[in-house]
Amino acid sequence: MYTAEQQRAFYELSKELLKEGPLPSREASEAVMRDLRDAILYHEWRYYVLNDPVVSDFEYDGLFKQLQNLEAHYPELISPDSPTQRVSADLTEEFPSVEHLSPMLSLANSYDADDLVEFDEQVKKLTMSPVDAEVEYVVEPKYDGGTIALVYENDLLARASTRGNGVMGEEITANARVIRSIPLKAAFSQSGFKKVELRGEVLIRKDIFNQMNRKREAEGLALFANPRNAATGGLRIKDPKEAAQRGLEAFVYQMAFAETTDGKDGLGTLSTHDQSIELLGRLGFKIPDEERKVCRGIKEVIDFCMHWQARREDFPYEIDGMVVKVNRRDLQERCGFTSHHPRWAIAFKFQAKQATTKLLNVEFQVGKVGSITPVAKLEPVPLAGVTISSVSLHNEDFIRTKDLRIGDTVLVERAGDVIPYIVKSMAELRTGSEKPIEFPRYCPINDTSEPVELVREEGEAAWRCPSCVCGAQDLQRIIWHVSKDAMDIEGLGKSIVERFFEMGWLRNPADIYRLPYEQIADMEGFGAKSVANLRASVEKAKRNPMHRLLHSLSIHHLGQKASKLLAAGVSHVLDLKDWTEEDFTHIKDIGPVVAESVMAFFRQPSNISMLRDMEELGVNLRQTEEDQPKTASADAPLAGKSILFTGTLQTLGRKEAQEKAEAAGARNVSAVSAKLDILVVGAEAGSKLKKARELGTVQILTEEEFIQIVG
Ligand code: IVH
């Protein structure tokens, strides 16, 4: 339909059109409007036909709004094929087409408080309300799923359909019938209705979606891009049994048509939108509940919208905005409709979570254990309230799997507090001048004349610089050493460590404990008070338990849990230098990889002298009370045993049982292996019991026997 070259041109054109500028003259507008129409049609094709948009919804809406704006100024230039003149989407022939009882329109969009104030003014004008009167609005979430229309006749679900082109939809009744939150029967007749059409949205809860994707990953199936795709796809699955597996749910948010038992229009019997939603709730439908509010005046509307914009991620379902509706039906009627949307409602769209931009360059950073991380430098792009100009590309495999190239247009996503990441590159927008990303073979940070070859160990994703000669890793190790998860030295942030490092005061973590405080007090940005605070937190860190110190040493593979296990097993850190591999692997949960890595650390004379320095400077290297194993004494009934619960326990809750086991000296594990000592079996135990029997070395207990042992 479009050649690659045309696609590139439309993409560039769209970005150009999205730049803000003054209203063009009538003469200039003709060409701009043609460009806007063409670009919008292109993006509609990408969105509706290919299901693979190249611009964000926000950008698409921006183009649409510009066209609407120009058309409002120059109505004589409206062309009959303008996307604003239709309510459309391509229908497929897979499902029978059915006509909606009333056309399904879109919503106009707003993006900020000013837009909402403007909407309110317009509503007041249309309803001829006094300017100082407050209009009552209902605000509810704008669900981001698949639109559904439900027809009930004589209290029975008669038909369900998708939105389709707004006039005709696809009949998907069989799939709707497997959605538990859609009642098959609802007592509309009690309110005098014979036939109604409801509008709603089919969704998948975010946690269920994640679970489903994890399962698909384990089964080697393609992953769904997002809950919306999974939901809209789920509605159109051919086999309702399969649709039932998708965890679909439906919210209803509109009563679009109603006919009374005596054949009259029934919508008039409900005087407000809120009443109709309440009625649907009473009839057993899922409705927007706490997240719906009747607001007096636009100020309350704005506050509620902002409140949800900030809390969007807390909502269990994907929402991409709020919908604001005039509450009173008589006022709605006075507002009326355009061909595209009702004038009594508007969507308040949240800031976009996705945006497209250019991948300009890739830089490489080194971490505390020498891992080389590629970082993409992007053309700065605003995304959900911040400007993104660089994102991590994690490792070489990530770059290869996503087929990323320098110069590519990439789709970036940032959801809530989640770190921004590249979703994909858009191969169809390539010009041929993109360059492959060369992953370095030699350490790219090293600025000495001594090249260091990178290594990638089996089973690891990262390339590492095995022997740093330039000091870059030392800096990273110091930054890690003072961080919250390690020694937790408050007042020593990354940038301060960098400054001290540049001053030559820090070469390794031991130097933290001999900082020249008098000189620091003279530095810009420091005062007597901040230096005193810094000194106090360094002093405090000296008394940390041994496991924190171990964790702070940047030993590859040695995480917090393993650090605690080691600290529980030695009275002084330096005792570890005499440990053999067996000494390490003797500890449950410590494997040969961690063992080798810790041994390598203690083989290095420089590390030993650093630890000795620390001790001399007052840092605690000994086991503290906090380091001692929490488990009960050696004569506890299950001392040193590993234990696993399987099946349904009758008397104890799973958590309770695990706590009892721990109190009795046992360690809870999650899988049956040769290292497992005890398996406690509840009702309907399955594969774990079988496996334990096969091993023959596992002691198998009933729940009763377990209770007798732990008391
Ligand atoms: S009311 C005549 N309310 O947004 C007004 N729509 O462009 C009809 N949507 O795909 C829409 N949540 O499915 C309305 N609370 C809500 C909504 C909502 C999501 C969707 C709707 C349609 C789009 C409207």
# chains A, B, ... in the order shown; residues from 1 in each chain; ligands from 1
$ residues_near_ligand --ligand "ligand 1" --cutoff "6 Å" --atoms "only C-alpha atoms and all ligand atoms" --output "MDAnalysis selection string"
chainID A and resid 105:107 140:143 147 201 253 323 342
$ select_by_dssp --residues "region 461-607 of chain A" --states "alpha helix (DSSP H)" --output "JSON, numbers by chain"
{"A": [472, 473, 474, 475, 476, 477, 478, 479, 480, 481, 482, 494, 495, 496, 497, 498, 499, 500, 501, 502, 503, 517, 518, 519, 520, 521, 528, 529, 530, 531, 532, 533, 534, 535, 536, 537, 538, 539, 540, 541, 542, 546, 547, 548, 549, 550, 551, 552, 560, 561, 562, 563, 564, 565, 566, 567, 581, 582, 583, 584, 585, 592, 593, 594, 595, 596, 597, 598, 599, 600, 601, 602, 603, 605, 606, 607]}
$ closest_residue --among "A:Asp115, A:Glu170, A:Glu12, A:Glu27" --to "Pro96 (chain A)" --atoms "only C-alpha atoms"
A:Glu170
$ residues_around --residues "Leu17 (chain A)" --least-positions-apart "6" --cutoff "9 Å" --atoms "only C-alpha atoms" --output "list in words"
Val32, Asp35, Leu36, Leu63 and Gln66 of chain A
$ write_last_selection --atoms "all heavy atoms" --output "mmCIF file, in the first residue's frame"
data_model
loop_
_atom_site.group_PDB
_atom_site.id
_atom_site.type_symbol
_atom_site.label_atom_id
_atom_site.label_comp_id
_atom_site.auth_asym_id
_atom_site.auth_seq_id
_atom_site.Cartn_x
_atom_site.Cartn_y
_atom_site.Cartn_z
ATOM 1 N N VAL A 32 -1.092 22.669 3.548
ATOM 2 C CA VAL A 32 -0.876 22.076 4.874
ATOM 3 C C VAL A 32 -1.978 21.073 5.176
ATOM 4 O O VAL A 32 -1.739 19.971 5.677
ATOM 5 C CB VAL A 32 -0.841 23.178 5.965
ATOM 6 C CG1 VAL A 32 -0.685 22.562 7.343
ATOM 7 C CG2 VAL A 32 0.283 24.152 5.699
ATOM 8 N N ASP A 35 -1.409 17.904 3.357
ATOM 9 C CA ASP A 35 -0.368 17.133 4.036
ATOM 10 C C ASP A 35 -0.920 16.445 5.277
ATOM 11 O O ASP A 35 -0.651 15.273 5.535
ATOM 12 C CB ASP A 35 0.780 18.058 4.465
ATOM 13 C CG ASP A 35 1.680 18.412 3.285
ATOM 14 O OD1 ASP A 35 1.500 17.783 2.218
ATOM 15 O OD2 ASP A 35 2.535 19.304 3.433
ATOM 16 N N LEU A 36 -1.699 17.210 6.055
ATOM 17 C CA LEU A 36 -2.253 16.639 7.290
ATOM 18 C C LEU A 36 -3.168 15.457 6.962
ATOM 19 O O LEU A 36 -3.089 14.401 7.586
ATOM 20 C CB LEU A 36 -3.030 17.703 8.066
ATOM 21 C CG LEU A 36 -2.185 18.702 8.866
ATOM 22 C CD1 LEU A 36 -3.018 19.894 9.298
ATOM 23 C CD2 LEU A 36 -1.583 18.024 10.106
ATOM 24 N N LEU A 63 -1.914 15.664 15.174
ATOM 25 C CA LEU A 63 -2.151 15.918 13.750
ATOM 26 C C LEU A 63 -3.646 16.124 13.495
ATOM 27 O O LEU A 63 -4.062 17.034 12.779
ATOM 28 C CB LEU A 63 -1.644 14.734 12.916
ATOM 29 C CG LEU A 63 -0.134 14.489 12.928
ATOM 30 C CD1 LEU A 63 0.204 13.180 12.228
ATOM 31 C CD2 LEU A 63 0.592 15.643 12.253
ATOM 32 N N GLN A 66 -4.833 19.464 14.654
ATOM 33 C CA GLN A 66 -4.406 20.556 13.763
ATOM 34 C C GLN A 66 -5.306 20.652 12.556
ATOM 35 O O GLN A 66 -5.698 21.739 12.128
ATOM 36 C CB GLN A 66 -2.985 20.287 13.283
ATOM 37 C CG GLN A 66 -1.946 20.807 14.210
ATOM 38 C CD GLN A 66 -0.591 20.833 13.521
ATOM 39 O OE1 GLN A 66 -0.492 21.149 12.338
ATOM 40 N NE2 GLN A 66 0.430 20.483 14.264
#
$ residues_around --residues "Ala174 (chain A)" --least-positions-apart "6" --cutoff "12 Å" --atoms "only C-alpha atoms" --output "VMD selection string"
chain A and resid 95 150 157 to 161 182 184 234 to 244
$ select_by_dssp --residues "region 310-482 of chain A" --states "strand (DSSP E or B)" --output "PyMOL selection string"
chain A and resi 319-326+328+337+342+345-349+354-366+371-383+386-392+405-406+409-413+421-425+435-436+442+453+455+464
